[in-house]
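Step one of this worksheet: look at the structure below.
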Amino acid sequence: MKVLFVTNWYPSASEPTKALWVREHAKAVSSYDDVVVLHFFGLYRDLETSWKIERESDEAISDGIPTYRIRCRPPLVGRVLYPVYVCRVIQAIRRLSQEGFKPDVIHVHVYEPGVPAVVFGRLNRIPVVVSEHLSSFPMRTLGRLDLWKARFAMRRAEMVLPVSAFLQQALERYGIRARYQLMPNAVDTGLFRPPSDRIRRNALKQMLFVGQLAPVKDLGGLFKALCQLRRKRDDWRLDIVGEGQGRVEYERQAAELKISDVVTFRGMRSRQEVAEFMREADLFVLPSRVETFSVPAAEALAAGLPVVATSCGGPQEFITQETGLLVPPGDTEALSKGLDYMLDNLHLYPGSRISQYAVERFARQSVGAKLHAVYRCVTECNQN
């Protein structure tokens with residue numbers, strides 16, 4: 001089938017790591033169906049025309065998936081910005097259809113482009129599915145307009161695919177009635193894989209965090225737990241991979257707690273570098289307050305790493321006693337004790353077993369097959 005992804009978030013040359021999980025879903029789908037991505041790239045005042053659609057020419061960014069970017073000149077009146085956005089996305093879908101890619105299914109990632117997608121879908125008898133990822137729903141931070149967009153799109157879509165039961169429950173608490181099916185994020189298990197031979201070069205055990213340096217990740221709580229842990233043992237180090245507005249504050253907290261010598265901020269890294277960090281680590285740590293899924297945790301499992309995570313939502317649905325340990329969010333003492341236990345018992349968590357568990361659930365082939373089944377289901381229902 002022909003599947004059109006429509007999204008506001010996608011990797012680009014200026015932001016190569018943005019919403020990589022959308023491209024992973026596209027790669028998963030490409031094993032079974034023809035997929036094209038339509039990315040609303042943003043507003044540009046210097047556009048000569050009111051809007052423009054161009055195909056991505058950088059193959060490293062498109063990664064084998066035909067990708068089109070929509071650029072739009074902002075309207076003179078700010079209040080009509082969203083109606084203009086809806087019109088431009090509909091025009092872009094129509095343009096692709098006229099030029100030969102008429103989709104059998106439109107697959108929206110995150111609710112906002114769902115509004116133009118379902119309008120176009122209803123007018124042209126094309127089923128729409130919406131994948132949702134955002135923590136805004138469980139955190140209850142949606143404004144009135146965004147809530148309207150989400151309800152409008154999801155209630156009219158043929159199926160809504162939250163990445164976890166935790167997120168589905170949050171959507172339902174907002175009164176969003178829809179036909180739901182859980183759909184996990186996909187992992188490139190060819191890249192994120194265990195090392196052929198994990199050799200410990202010294203007695204130090206390497207812990208790893210990968211993610212955005214934002215308050216919701218609660219690195220401050222992790223640092224307090226590490227401060228407690230250090231009073232008992234000093235045979236560990238922590239690498240932090242990622243960037244964000246909170247980096248300066250987190251560096252200050254690490255210095256105040258006198259753990260800067262054992263905590264290293266590595267900054268933003270490529271996916272290949274992240275995979276290498278995982279192959280060299282012994283333990284992955286996720287101290288978040290809220291997560292709808294956590295792609296880095298799933299990637300760590302694929303790399304054979306046990307995970308210590310908080311029971312913050314999505315991760316608790318796939319981190320088991322065989323693959324790691326869960327502690328309550330915000331409980332620094334429990335986190336410290338959990339890390340202490342795991343550092344002593346890494347031998348109970350063989351990387352090959354953990355990796356196989358992740359491959360069965362998150363590999364592109366597995367997720368792609370589930371998505372293909374969804375597409376078949378909604379197209380058949382749409383024809384009846």
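By order in the structure tokens, chains are A, B, ...; within a chain, residues start at 1; ligands start at 1, following the order shown.
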
Can you tell me, as a tab-separated table (two decimals) with C-alpha atoms, in the first residue's frame, what residues are no more than 8 Å from segment 175-186 of chain A when counting only C-alpha atoms, ignoring any on the same chain fewer than 4 positions away?
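Generated file (part_39.tsv):
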chain	number	residue	atom	x	y	z
A	21	TRP	CA	11.20	8.11	16.30
A	24	GLU	CA	12.08	4.94	12.62
A	25	HIS	CA	8.36	4.27	12.16
A	28	ALA	CA	9.61	0.13	9.80
A	131	SER	CA	0.20	8.04	16.26
A	150	ALA	CA	-6.51	16.52	19.39
A	151	ARG	CA	-10.19	15.73	19.90
A	154	MET	CA	-8.58	11.53	16.98
A	155	ARG	CA	-12.36	11.22	17.12
A	156	ARG	CA	-12.49	11.25	13.30
A	157	ALA	CA	-9.45	9.08	12.62
A	158	GLU	CA	-10.04	5.43	11.83
A	159	MET	CA	-7.52	4.45	14.51
A	160	VAL	CA	-5.35	6.12	17.15
A	161	LEU	CA	-2.01	4.53	18.02
A	162	PRO	CA	-0.63	5.66	21.40
A	163	VAL	CA	2.88	4.40	22.15
A	164	SER	CA	1.85	3.05	25.56
A	165	ALA	CA	-1.18	2.13	27.65
A	168	GLN	CA	-3.86	5.93	26.09
A	171	LEU	CA	-5.93	10.53	26.29
A	293	PHE	CA	7.61	5.51	26.04
A	295	VAL	CA	13.11	5.41	22.95
A	361	ARG	CA	9.18	-6.08	20.56
A	362	PHE	CA	10.82	-3.08	18.95
A	363	ALA	CA	12.71	-4.18	15.82
A	364	ARG	CA	11.64	-2.47	12.62
A	367	VAL	CA	6.71	-2.84	14.41
A	370	LYS	CA	1.98	-4.40	13.22
A	371	LEU	CA	1.56	-1.14	11.32

Which residues are near segment 321-338 of chain A? Cut-off 6 Å, only C-alpha atoms, ignore same chain within fewer than 6 positions. Put them as a list in words.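 These residues fall inside the cut-off: Gly221, Ala225, Leu229, Arg289, Pro306, Val307, Val308, Ala309, Thr310, Ser311 and Ile354 of chain A.
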
Please give the complete set of residues from segment 62-283 of chain A that DSSP, run on the backbone, assigns to strand (DSSP E or B), formatted as a PyMOL selection string. chain A and resi 67-72+105-109+128-132+159-162+180+187+205-210+236-241+263-267+283

From A:Ala369, A:Val89, A:Leu305, A:Ile65, residue lying nearest Arg353 of chain A [only C-alpha atoms]: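 For Arg353 of chain A, the nearest of the candidates is A:Leu305.
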
If you run DSSP on this backbone, which residues of segment 177-291 of chain A come out as helix (DSSP H, G or I), and could you give them as number ranges by chain? A: 215-217, 219-232, 247-256, 271-280

Neighbouring residues of Leu219 of chain A were defined as those with any atom within 8 Å, considering only C-alpha atoms; residues of the same chain fewer than 2 positions away were excluded. Please report them as a PyMOL selection string. chain A and resi 213+215+217+221-223+250+287-288

Would you output that residue set with N, CA and C atoms, as a compact mmCIF listing (two decimals), in the first residue's frame?
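part_35.txt, written as the output of this step:
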# COMPACT_ATOMS: atom_id res chain seq x y z
N LEU A 213 18.09 17.30 28.14
CA LEU A 213 18.39 17.82 29.48
C LEU A 213 17.31 18.83 29.85
N PRO A 215 13.77 19.52 32.71
CA PRO A 215 13.33 19.20 34.07
C PRO A 215 12.59 17.88 34.20
N LYS A 217 13.17 15.13 32.98
CA LYS A 217 14.08 13.99 33.09
C LYS A 217 14.62 13.83 34.51
N GLY A 221 17.36 14.80 40.60
CA GLY A 221 17.07 13.68 41.50
C GLY A 221 18.09 12.57 41.35
N LEU A 222 18.51 12.31 40.12
CA LEU A 222 19.54 11.30 39.90
C LEU A 222 20.84 11.69 40.58
N PHE A 223 21.22 12.96 40.49
CA PHE A 223 22.47 13.41 41.11
C PHE A 223 22.43 13.24 42.63
N TYR A 250 22.14 21.73 35.51
CA TYR A 250 22.55 20.38 35.93
C TYR A 250 24.05 20.32 36.22
N PRO A 287 15.84 8.47 35.03
CA PRO A 287 15.22 8.97 36.26
C PRO A 287 13.98 9.84 36.05
N SER A 288 13.34 9.77 34.90
CA SER A 288 12.30 10.73 34.50
C SER A 288 11.11 10.75 35.44

With a distance cut-off of 8 Å and only C-alpha atoms, select the neighbouring residues of Ala297 of chain A, excluding the residue or stretch itself and same-chain residues fewer than 4 positions from it, and output the selection as a ChimeraX atom specification. /A:284,286,301,307,315

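Distance annotation: of A:Gln212, A:Val115, A:Tyr85, A:Arg140, the residue with the minimal separation from Glu172 of chain A is A:Arg140; atom set is only C-alpha atoms.
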
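Considering only C-alpha atoms, the residue among A:Gln98, A:Ser352, A:Arg79, A:Trp236 positioned nearest to Leu145 of chain A is A:Arg79.
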
Residue with smallest distance to Arg252 of chain A - pool A:Gly220, A:Pro103, A:Gly267, A:Pro194, counting only C-alpha atoms: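 Closest residue, counting only C-alpha atoms: A:Gly220.
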
Contacts of segment 108-114 of chain A within 10 Å, only C-alpha atoms, excl. fewer than 4 positions in-chain, as JSON, numbers by chain: {"A": [4, 5, 6, 7, 8, 9, 10, 19, 21, 22, 25, 37, 38, 39, 40, 82, 85, 86, 89, 90, 118, 119, 120, 121, 128, 129, 130, 131, 132, 133, 134, 146, 147, 148, 149, 150, 151, 152, 153, 154, 156, 157, 160, 161, 162]}

Separation of atom CA of Leu123 of chain A from atom CA of Gln91 of chain A in Å: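 Calculated distance between atom CA of Gln91 of chain A and atom CA of Leu123 of chain A is 12.9 Å.
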
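Each of A:Ser14, A:Thr292, A:Glu273, A:Asp58 was checked against Phe137 of chain A using only C-alpha atoms; the smallest atom-to-atom distance is that of A:Thr292.
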
Please indicate the distance in Å from atom CA of Phe209 of chain A to atom CA of Arg269 of chain A, rounded to one decimal place.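 Going from atom CA of Phe209 of chain A over to atom CA of Arg269 of chain A, I get 12.4 Å.
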
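The closest residue to Pro16 of chain A, picked from A:Ala255, A:Val378, A:Met342, A:Ala60 and counting only C-alpha atoms, is A:Ala60.
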
Write out as a list of chain:residue names which residues come within 10 Å of Asp261 of chain A when counting only C-alpha atoms, dropping same-chain ones fewer than 5 positions away. A:Arg237, A:Leu238, A:Ala254, A:Ala255
